[in-house]
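A.B. asks: File follows, query_29.txt with compact mmCIF, C-alpha atoms and all ligand atoms:
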```txt
# COMPACT_ATOMS: atom_id res chain seq x y z
CA MET A 26 -19.61 -22.91 15.12
CA SER A 27 -22.06 -24.01 12.44
CA LYS A 28 -21.55 -27.17 10.44
CA SER A 29 -19.13 -26.82 7.54
CA ARG A 30 -20.94 -26.68 4.19
CA PRO A 31 -19.28 -27.23 0.85
CA ASN A 32 -19.57 -24.55 -1.79
CA ILE A 33 -18.95 -24.84 -5.47
CA LEU A 34 -16.73 -21.77 -5.75
CA GLN A 35 -14.15 -23.64 -3.71
CA LYS A 36 -13.67 -26.09 -6.58
CA GLU A 37 -12.83 -23.30 -9.01
CA LEU A 38 -10.08 -21.75 -6.89
CA LYS A 39 -6.75 -23.32 -5.98
CA GLY A 40 -6.74 -22.21 -2.34
CA GLU A 41 -9.18 -22.49 0.53
CA LEU A 42 -12.07 -20.09 1.06
CA HIS A 43 -13.09 -19.12 4.60
CA THR A 44 -16.63 -17.86 4.67
CA SER A 45 -18.66 -16.13 7.35
CA LYS A 46 -22.04 -14.41 7.12
CA HIS A 47 -20.57 -11.00 6.39
CA GLY A 48 -17.23 -11.84 4.86
CA VAL A 49 -15.01 -14.10 2.79
CA ILE A 50 -11.25 -14.63 3.00
CA TYR A 51 -9.43 -16.48 0.26
CA HIS A 52 -6.19 -18.22 1.18
CA GLY A 53 -4.32 -17.55 -2.05
CA ASP A 54 -3.28 -15.01 -4.63
CA CYS A 55 -5.38 -11.84 -4.84
CA LEU A 56 -5.38 -11.99 -8.65
CA GLU A 57 -7.09 -15.39 -8.55
CA LEU A 58 -9.78 -14.07 -6.23
CA LEU A 59 -10.24 -10.89 -8.28
CA GLY A 60 -10.66 -13.13 -11.33
CA VAL A 61 -13.98 -14.46 -9.93
CA ILE A 62 -15.36 -11.10 -8.78
CA ARG A 63 -17.95 -9.26 -10.85
CA SER A 64 -17.18 -5.89 -12.39
CA GLU A 65 -18.63 -2.90 -10.52
CA SER A 66 -19.64 -4.91 -7.44
CA ILE A 67 -17.38 -3.47 -4.69
CA ASP A 68 -17.96 -0.20 -2.81
CA CYS A 69 -14.50 0.35 -1.35
CA VAL A 70 -11.03 -1.11 -1.89
CA PHE A 71 -8.40 -0.80 0.81
CA ALA A 72 -4.96 -2.06 -0.26
CA ASP A 73 -1.79 -2.23 1.82
CA PRO A 74 0.46 -4.29 -0.47
CA PRO A 75 3.93 -5.65 0.21
CA PHE A 76 6.28 -2.68 -0.39
CA ASN A 77 9.02 -4.65 -2.23
CA LEU A 78 11.35 -3.96 0.69
CA ARG A 79 12.49 -7.58 1.28
CA LYS A 80 10.13 -8.26 4.14
CA ARG A 81 9.57 -11.92 4.95
CA TYR A 82 5.85 -12.51 5.04
CA GLY A 83 6.24 -16.26 4.56
CA PRO A 84 7.23 -18.75 1.87
CA ARG A 85 4.80 -17.61 -0.85
CA ALA A 86 4.71 -13.81 -0.83
CA VAL A 87 7.33 -12.15 -3.05
CA ASP A 88 8.78 -8.92 -1.67
CA ASN A 89 12.13 -8.71 -3.42
CA THR A 90 11.79 -8.26 -7.14
CA SER A 91 12.93 -5.73 -9.77
CA ALA A 92 11.22 -2.33 -9.83
CA ASP A 93 9.82 -3.12 -13.30
CA LYS A 94 8.31 -6.44 -12.26
CA TYR A 95 6.89 -4.92 -9.09
CA SER A 96 5.35 -2.05 -11.01
CA HIS A 97 3.84 -4.47 -13.54
CA TRP A 98 2.38 -6.62 -10.75
CA CYS A 99 0.90 -3.54 -9.04
CA GLU A 100 -0.67 -2.50 -12.32
CA ARG A 101 -2.33 -5.92 -12.62
CA TRP A 102 -3.97 -6.03 -9.20
CA MET A 103 -4.78 -2.34 -9.32
CA SER A 104 -6.59 -2.49 -12.66
CA GLU A 105 -8.51 -5.55 -11.44
CA CYS A 106 -9.54 -3.64 -8.31
CA VAL A 107 -10.65 -0.70 -10.45
CA ARG A 108 -12.70 -3.06 -12.65
CA ALA A 109 -14.38 -4.52 -9.55
CA LEU A 110 -15.17 -1.09 -8.09
CA LYS A 111 -18.70 0.34 -8.44
CA PRO A 112 -19.14 3.76 -10.04
CA GLY A 113 -18.64 6.27 -7.23
CA GLY A 114 -16.68 3.69 -5.21
CA ALA A 115 -13.44 4.52 -3.42
CA ILE A 116 -9.97 3.02 -3.56
CA PHE A 117 -7.30 3.57 -0.90
CA VAL A 118 -3.70 2.48 -1.36
CA TYR A 119 -1.16 2.66 1.46
CA HIS A 120 2.51 2.84 0.48
CA ILE A 121 5.86 4.55 0.89
CA THR A 122 5.95 7.88 -0.95
CA LYS A 123 8.23 6.78 -3.80
CA TRP A 124 5.79 4.08 -4.84
CA ALA A 125 2.68 6.07 -3.99
CA LEU A 126 3.71 8.56 -6.65
CA ARG A 127 3.91 5.83 -9.32
CA LEU A 128 0.82 3.95 -8.15
CA GLY A 129 -1.15 7.19 -8.06
CA SER A 130 -0.39 7.77 -11.71
CA LEU A 131 -1.34 4.13 -12.51
CA ILE A 132 -4.69 4.63 -10.78
CA GLU A 133 -5.26 7.89 -12.61
CA ASN A 134 -4.44 6.18 -15.92
CA ASN A 135 -7.20 3.71 -15.05
CA GLY A 136 -9.63 6.63 -15.14
CA LEU A 137 -10.12 7.31 -11.44
CA VAL A 138 -10.40 10.73 -9.83
CA PHE A 139 -7.83 11.89 -7.29
CA ARG A 140 -9.32 12.88 -3.91
CA HIS A 141 -6.48 13.02 -1.38
CA TRP A 142 -2.89 12.14 -0.57
CA ILE A 143 -3.21 11.45 3.14
CA ALA A 144 0.10 11.72 5.00
CA VAL A 145 0.20 9.06 7.70
CA SER A 146 2.89 9.78 10.26
CA MET A 147 5.76 7.25 10.31
CA LYS A 148 7.27 6.76 13.74
CA ASN A 149 10.84 5.79 14.65
CA ASN A 150 12.33 5.70 11.20
CA TYR A 151 15.98 6.33 10.41
CA PRO A 152 17.57 8.96 8.16
CA ARG A 153 18.67 7.33 4.89
CA GLY A 154 21.83 8.34 2.99
CA ASN A 155 21.93 11.94 1.85
CA GLY A 156 18.17 12.46 1.86
CA LEU A 157 15.55 13.79 4.22
CA TYR A 158 14.31 11.80 7.19
CA PRO A 159 11.18 9.94 5.98
CA ALA A 160 8.36 10.94 8.31
CA HIS A 161 5.20 9.78 6.52
CA TYR A 162 3.54 7.05 4.48
CA ALA A 163 1.03 7.97 1.81
CA LEU A 164 -2.56 6.80 1.85
CA LEU A 165 -3.87 7.52 -1.66
CA TYR A 166 -7.60 8.09 -1.98
CA PHE A 167 -9.26 7.97 -5.42
CA THR A 168 -12.86 7.49 -6.51
CA LYS A 169 -14.45 6.05 -9.64
CA GLY A 170 -16.05 9.30 -10.77
CA LYS A 171 -17.98 11.43 -8.31
CA PRO A 172 -17.87 9.86 -4.81
CA ARG A 173 -21.03 7.95 -3.97
CA VAL A 174 -20.45 8.43 -0.24
CA PHE A 175 -18.35 10.92 1.66
CA ASN A 176 -18.84 11.05 5.40
CA LYS A 177 -17.06 13.86 7.22
CA LEU A 178 -15.23 12.34 10.15
CA ARG A 179 -14.32 14.10 13.35
CA ILE A 180 -11.54 13.33 15.80
CA PRO A 181 -11.00 14.34 19.44
CA ILE A 182 -8.91 17.48 20.07
CA PRO A 183 -5.27 16.29 20.35
CA ALA A 184 -3.86 16.43 23.87
CA CYS A 185 -0.31 16.18 25.23
CA ARG A 186 0.58 12.56 26.09
CA HIS A 187 2.34 13.67 29.27
CA CYS A 188 0.29 16.47 30.81
CA GLY A 189 -3.07 15.81 29.11
CA LYS A 190 -3.44 19.49 28.10
CA GLU A 191 -4.58 20.47 24.62
CA ILE A 192 -1.69 21.06 22.23
CA LYS A 193 -3.21 24.03 20.32
CA ASP A 194 -5.22 27.01 21.42
CA TYR A 195 -8.70 26.99 19.80
CA GLY A 196 -9.80 30.30 21.33
CA GLY A 197 -13.55 30.89 21.37
CA HIS A 198 -14.27 27.70 19.36
CA ARG A 199 -12.85 25.41 22.01
CA GLY A 200 -16.15 24.49 23.71
CA LYS A 201 -17.84 23.44 20.46
CA LEU A 202 -14.76 21.59 19.21
CA LYS A 203 -14.39 19.76 22.49
CA GLU A 204 -17.94 18.49 22.05
CA GLU A 205 -17.95 17.74 18.31
CA GLY A 206 -14.25 17.10 17.66
CA LEU A 207 -12.03 18.43 14.87
CA ASN A 208 -12.68 17.76 11.20
CA LEU A 209 -10.35 15.00 10.04
CA SER A 210 -7.55 16.45 7.88
CA ASP A 211 -5.25 14.80 5.34
CA PHE A 212 -2.42 14.60 7.89
CA TRP A 213 -2.79 11.72 10.36
CA GLU A 214 -0.40 11.93 13.29
CA ASP A 215 -2.34 9.78 15.72
CA THR A 216 -2.13 6.41 13.94
CA SER A 217 1.06 5.00 15.47
CA PRO A 218 1.93 1.43 14.45
CA VAL A 219 0.76 -1.64 16.35
CA ARG A 220 3.89 -2.32 18.36
CA HIS A 221 3.20 -4.66 21.21
CA ARG A 222 3.41 -8.36 20.34
CA LYS A 223 0.42 -9.09 22.54
CA PHE A 224 -1.77 -7.04 20.20
CA LYS A 225 -0.20 -8.22 16.96
CA LYS A 226 -1.25 -11.23 14.98
CA ARG A 227 1.57 -11.02 12.43
CA GLU A 228 5.17 -9.96 12.89
CA ALA A 229 6.17 -8.14 9.73
CA ASN A 230 3.09 -5.98 9.13
CA GLU A 231 -0.33 -5.03 10.55
CA LEU A 232 -1.55 -1.47 10.47
CA ASN A 233 -3.14 0.39 13.29
CA PRO A 234 -6.81 -0.52 12.61
CA MET A 235 -7.64 3.18 12.82
CA ILE A 236 -6.16 3.63 9.32
CA PRO A 237 -8.48 1.27 7.40
CA GLU A 238 -11.32 2.21 9.75
CA ARG A 239 -11.19 5.89 8.81
CA ALA A 240 -10.94 5.01 5.12
CA ILE A 241 -13.98 2.73 5.37
CA LEU A 242 -16.05 5.09 7.50
CA MET A 243 -15.46 8.10 5.27
CA SER A 244 -16.24 6.32 2.00
CA THR A 245 -18.96 3.74 2.74
CA LYS A 246 -22.28 3.30 4.47
CA PRO A 247 -23.51 0.33 6.52
CA GLU A 248 -23.83 -2.92 4.52
CA ASP A 249 -21.49 -1.69 1.77
CA ILE A 250 -18.82 -4.11 0.56
CA VAL A 251 -15.14 -3.57 1.32
CA PHE A 252 -12.42 -5.46 -0.56
CA ASP A 253 -8.84 -5.81 0.72
CA PRO A 254 -6.53 -7.90 -1.50
CA PHE A 255 -3.71 -8.08 1.11
CA GLY A 256 -5.18 -9.40 4.35
CA GLY A 257 -2.03 -9.51 6.55
CA GLY A 258 -3.35 -9.57 10.12
CA GLY A 259 -6.89 -8.80 8.95
CA SER A 260 -7.15 -5.21 10.25
CA SER A 261 -9.48 -4.02 7.49
CA TYR A 262 -11.82 -7.05 7.76
CA MET A 263 -12.00 -6.57 11.52
CA VAL A 264 -12.98 -2.90 11.31
CA ALA A 265 -15.40 -3.59 8.45
CA GLU A 266 -17.14 -6.25 10.57
CA LYS A 267 -17.22 -3.98 13.63
CA ASN A 268 -18.80 -1.19 11.59
CA ASN A 269 -21.46 -3.33 9.94
CA ARG A 270 -19.84 -3.49 6.47
CA PHE A 271 -19.40 -6.64 4.39
CA TRP A 272 -15.83 -7.66 3.58
CA ILE A 273 -13.95 -9.78 1.04
CA GLY A 274 -10.23 -10.34 0.71
CA SER A 275 -7.24 -12.59 0.24
CA GLU A 276 -4.01 -13.50 1.97
CA ILE A 277 -1.38 -15.62 0.27
CA GLU A 278 0.26 -16.78 3.52
CA ASP A 279 -1.29 -18.62 6.46
CA CYS A 280 -4.75 -17.15 7.10
CA SER A 281 -5.16 -18.49 10.63
CA PRO A 282 -3.98 -15.25 12.33
CA ILE A 283 -6.80 -13.42 10.50
CA LEU A 284 -9.42 -16.03 11.35
CA GLU A 285 -8.39 -16.10 15.02
CA ARG A 286 -8.41 -12.32 15.27
CA LEU A 287 -11.87 -12.05 13.78
CA GLU A 288 -13.21 -14.83 15.98
CA GLU A 289 -11.66 -13.39 19.14
CA GLN A 290 -12.28 -9.69 18.57
CA THR A 291 -15.56 -9.58 16.67
CA GLY A 292 -17.20 -12.93 17.43
CA VAL A 293 -17.31 -13.90 13.73
CA THR A 294 -17.83 -17.60 13.05
CA PHE A 295 -16.54 -19.26 9.88
CA ASN A 296 -17.89 -22.10 7.72
CA GLN A 297 -21.12 -20.19 7.23
CA ILE A 298 -22.91 -19.48 3.99
CA PRO A 299 -22.42 -15.75 3.33
CA GLU A 300 -25.38 -13.44 2.98
CA ARG A 301 -26.68 -12.68 -0.48
CA ARG A 302 -25.00 -9.29 -0.58
CA ILE A 303 -21.67 -11.16 -0.61
CA THR A 304 -22.60 -14.07 -2.85
CA GLU A 305 -23.84 -11.64 -5.52
CA VAL A 306 -20.33 -10.20 -5.83
CA PHE A 307 -19.08 -13.45 -7.34
CA GLN A 308 -19.40 -14.13 -11.04
CA LYS A 309 -21.62 -17.19 -10.78
CA GLN A 310 -24.36 -18.38 -8.50
CA TRP A 311 -21.92 -20.50 -6.50
CA TRP A 312 -23.61 -20.84 -3.15
C1 LIG A 401 1.65 -5.12 4.30
S1 LIG A 401 0.84 -6.61 4.58
C2 LIG A 401 -0.84 -6.17 4.88
C3 LIG A 401 -1.13 -5.88 6.33
C4 LIG A 401 -2.59 -5.56 6.61
N1 LIG A 401 -3.01 -4.33 6.00
C5 LIG A 401 -2.86 -5.48 8.11
O1 LIG A 401 -3.05 -4.37 8.64
O2 LIG A 401 -2.85 -6.50 8.79
C6 LIG A 401 0.78 -7.33 3.00
C7 LIG A 401 0.23 -8.74 3.00
O3 LIG A 401 0.00 -9.14 1.64
C8 LIG A 401 0.23 -10.54 1.54
N2 LIG A 401 0.44 -10.85 0.10
C9 LIG A 401 1.57 -10.71 -0.62
N3 LIG A 401 1.36 -11.04 -1.90
C10 LIG A 401 0.05 -11.40 -2.00
C11 LIG A 401 -0.77 -11.84 -3.07
N4 LIG A 401 -0.30 -11.97 -4.30
N5 LIG A 401 -2.07 -12.11 -2.82
C12 LIG A 401 -2.57 -11.98 -1.56
N6 LIG A 401 -1.82 -11.57 -0.49
C13 LIG A 401 -0.54 -11.28 -0.70
C14 LIG A 401 1.45 -10.74 2.43
O4 LIG A 401 1.60 -12.08 2.82
C15 LIG A 401 1.17 -9.78 3.59
O5 LIG A 401 0.54 -10.44 4.66
```
What does the file become when written as structure tokens?

C.D. replies:
Amino acid sequence: MSKSRPNILQKELKGELHTSKHGVIYHGDCLELLGVIRSESIDCVFADPPFNLRKRYGPRAVDNTSADKYSHWCERWMSECVRALKPGGAIFVYHITKWALRLGSLIENNGLVFRHWIAVSMKNNYPRGNGLYPAHYALLYFTKGKPRVFNKLRIPIPACRHCGKEIKDYGGHRGKLKEEGLNLSDFWEDTSPVRHRKFKKREANELNPMIPERAILMSTKPEDIVFDPFGGGGSSYMVAEKNNRFWIGSEIEDCSPILERLEEQTGVTFNQIPERRITEVFQKQWW
């Protein structure tokens, strides 16, 4: 690991900044970090916020507040993310459907253009009261005007977990589809949660990395900058690094699970001066 170098930005923020060549993680509140980010400097935002469902992330994160306060807080970080987004940039927000509906209208009120409501299959949930069994999360996808990048993604033909045979009959197209894969739709059934402790860095959260990875790959090109305000176990930073994108984000609780994951799984080293592409995102010439 390279020698630790001081940077001036650190003095202007309350928490600690962890910097690598391609990424920066702020140990603190996302609104503080957003406060030092330039307008129209980010290519893609991926946000998987606390859902206000009384999860215990740690001593600092609040996940049990009134619906009004929660909505107000979401509006604050969301409008800051929209300000930071470049024209043509993309924003993805992952949430339960009830809140996705409200957050979607907040994003639209901020002037963004709706692209997709991606239904992400929810496994092993329980029926609640006299309602329907909840079977999906929403991944909202908006852009700031016309999308700057849209890459069509393809996925392998789905096969039965038990017998390995294809689930659908593709008739005469099968050969081509087998080779090229299916076009990705807005219904993702193959993104089951990270279950096994061995593969998890945090207990109460952590998405299957495939979810942020698809969002990033469809909406950015190499060397673009991805921002994730809610680091959790660092899934989005990890896939950004693996796919040659720059990444910036925050986590209000202990950041060591993120740092360890990045070091172990992508070979990132911290205490480095970030490349110019990253330093330019901040409001002053800090490094
Ligand atoms: C649902 S988790 C994100 C999981 C992440 N997408 C992953 O796959 O690992 C939400 C995270 O946001 C963090 N958090 C809550 N409030 C925050 C805030 N104001 N600023 C930054 N992070 C916050 C929580 O501690 C929690 O780790």

A.B. asks: Counting all atoms listed in the file, what is within 9 Å of Thr216 of chain A, bar same-chain residues fewer than 6 positions away, as a PyMOL selection string?

C.D. replies: chain A and resi 145-147+232-236

A.B. asks: Would you list the contacts of Ala160 of chain A as a list in words, taking every protein, DNA or RNA residue within 12 Å and counting only C-alpha atoms, but skipping same-chain residues closer than 6 positions in sequence?

C.D. replies: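 Residues meeting the cut-off are Ile121, Thr122, Ala144, Val145, Ser146, Met147, Lys148, Asn149, Asn150, Tyr151, Pro152, Arg153, Phe212, Trp213, Glu214 and Ser217 of chain A.
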
A.B. asks: Residues up to 7 Å from ligand LIG 401 (chain A), counting only C-alpha atoms and all ligand atoms: could you list those as a list in words?

C.D. replies: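 Using only C-alpha atoms and all ligand atoms, I find these residues within 7 Å of ligand LIG 401 (chain A): Gly53, Asp54, Cys55, Leu56, Ala72, Asp73, Pro74, Pro75, Tyr82, Gly83, Ala86, Val87, Asn230, Glu231, Leu232, Asn233, Pro234, Pro254, Phe255, Gly256, Gly257, Gly258, Gly259, Ser260, Ser261, Ser275, Glu276, Ile277 and Glu278 of chain A.
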
A.B. asks: How many Å lie between atom CA of Leu242 of chain A and atom CA of Val306 of chain A, rounded to one decimal?

C.D. replies: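 Spanning atom CA of Leu242 of chain A to atom CA of Val306 of chain A is a straight-line distance of 20.7 Å.
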
A.B. asks: Between A:Gly189, A:Gly113, A:Gly200, A:Pro247, single out the one closest to Pro172 of chain A, counting only C-alpha atoms.

C.D. replies: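 Among the listed residues, the smallest separation from Pro172 of chain A belongs to A:Gly113.
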
A.B. asks: Report the distance between atom CA of Tyr262 of chain A and atom CA of Gly40 of chain A in Å, rounded to one decimal place.

C.D. replies: 18.9 Å

A.B. asks: Tell me, in Å to one decimal, how far atom CA of Glu285 of chain A is from atom CA of Arg81 of chain A.

C.D. replies: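 Computed distance, atom CA of Glu285 of chain A to atom CA of Arg81 of chain A, equals 21.0 Å.
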
A.B. asks: Counting all atoms listed in the file, select every polymer residue within 12 Å of (-2.4, -8.3, -12.5) as defined in the file's coordinates, and provide the selection as a list of chain:residue names.

C.D. replies: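 Checking each residue against the 12 Å limit leaves A:Asp54, A:Cys55, A:Leu56, A:Glu57, A:Leu58, A:Leu59, A:Gly60, A:Lys94, A:Tyr95, A:Ser96, A:His97, A:Trp98, A:Cys99, A:Glu100, A:Arg101, A:Trp102, A:Met103, A:Ser104, A:Glu105, A:Cys106, A:Val107, A:Arg108, A:Pro254.
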
A.B. asks: Just checking: using all atoms listed in the file, which residue out of A:Leu137, A:Met243, A:Cys69, A:Ile303 ends up closest to Asn208 of chain A?

C.D. replies: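 Nearest candidate to Asn208 of chain A out of A:Leu137, A:Met243, A:Cys69, A:Ile303: A:Met243.
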
A.B. asks: In the coordinate frame of the file, compute which residues have an atom within 9 Å of (-25.4, -19.1, 1.3) when using all atoms listed in the file, and state them as a VMD selection string.

C.D. replies: chain A and resid 32 46 297 to 301 303 to 304 311 to 312

A.B. asks: Show me, as a PyMOL selection string, the residues that have an atom within 12 Å of His47 of chain A when counting only C-alpha atoms, minus same-chain residues fewer than 3 positions from it.

C.D. replies: chain A and resi 43-44+50+247-251+262-263+265-274+287+291-304
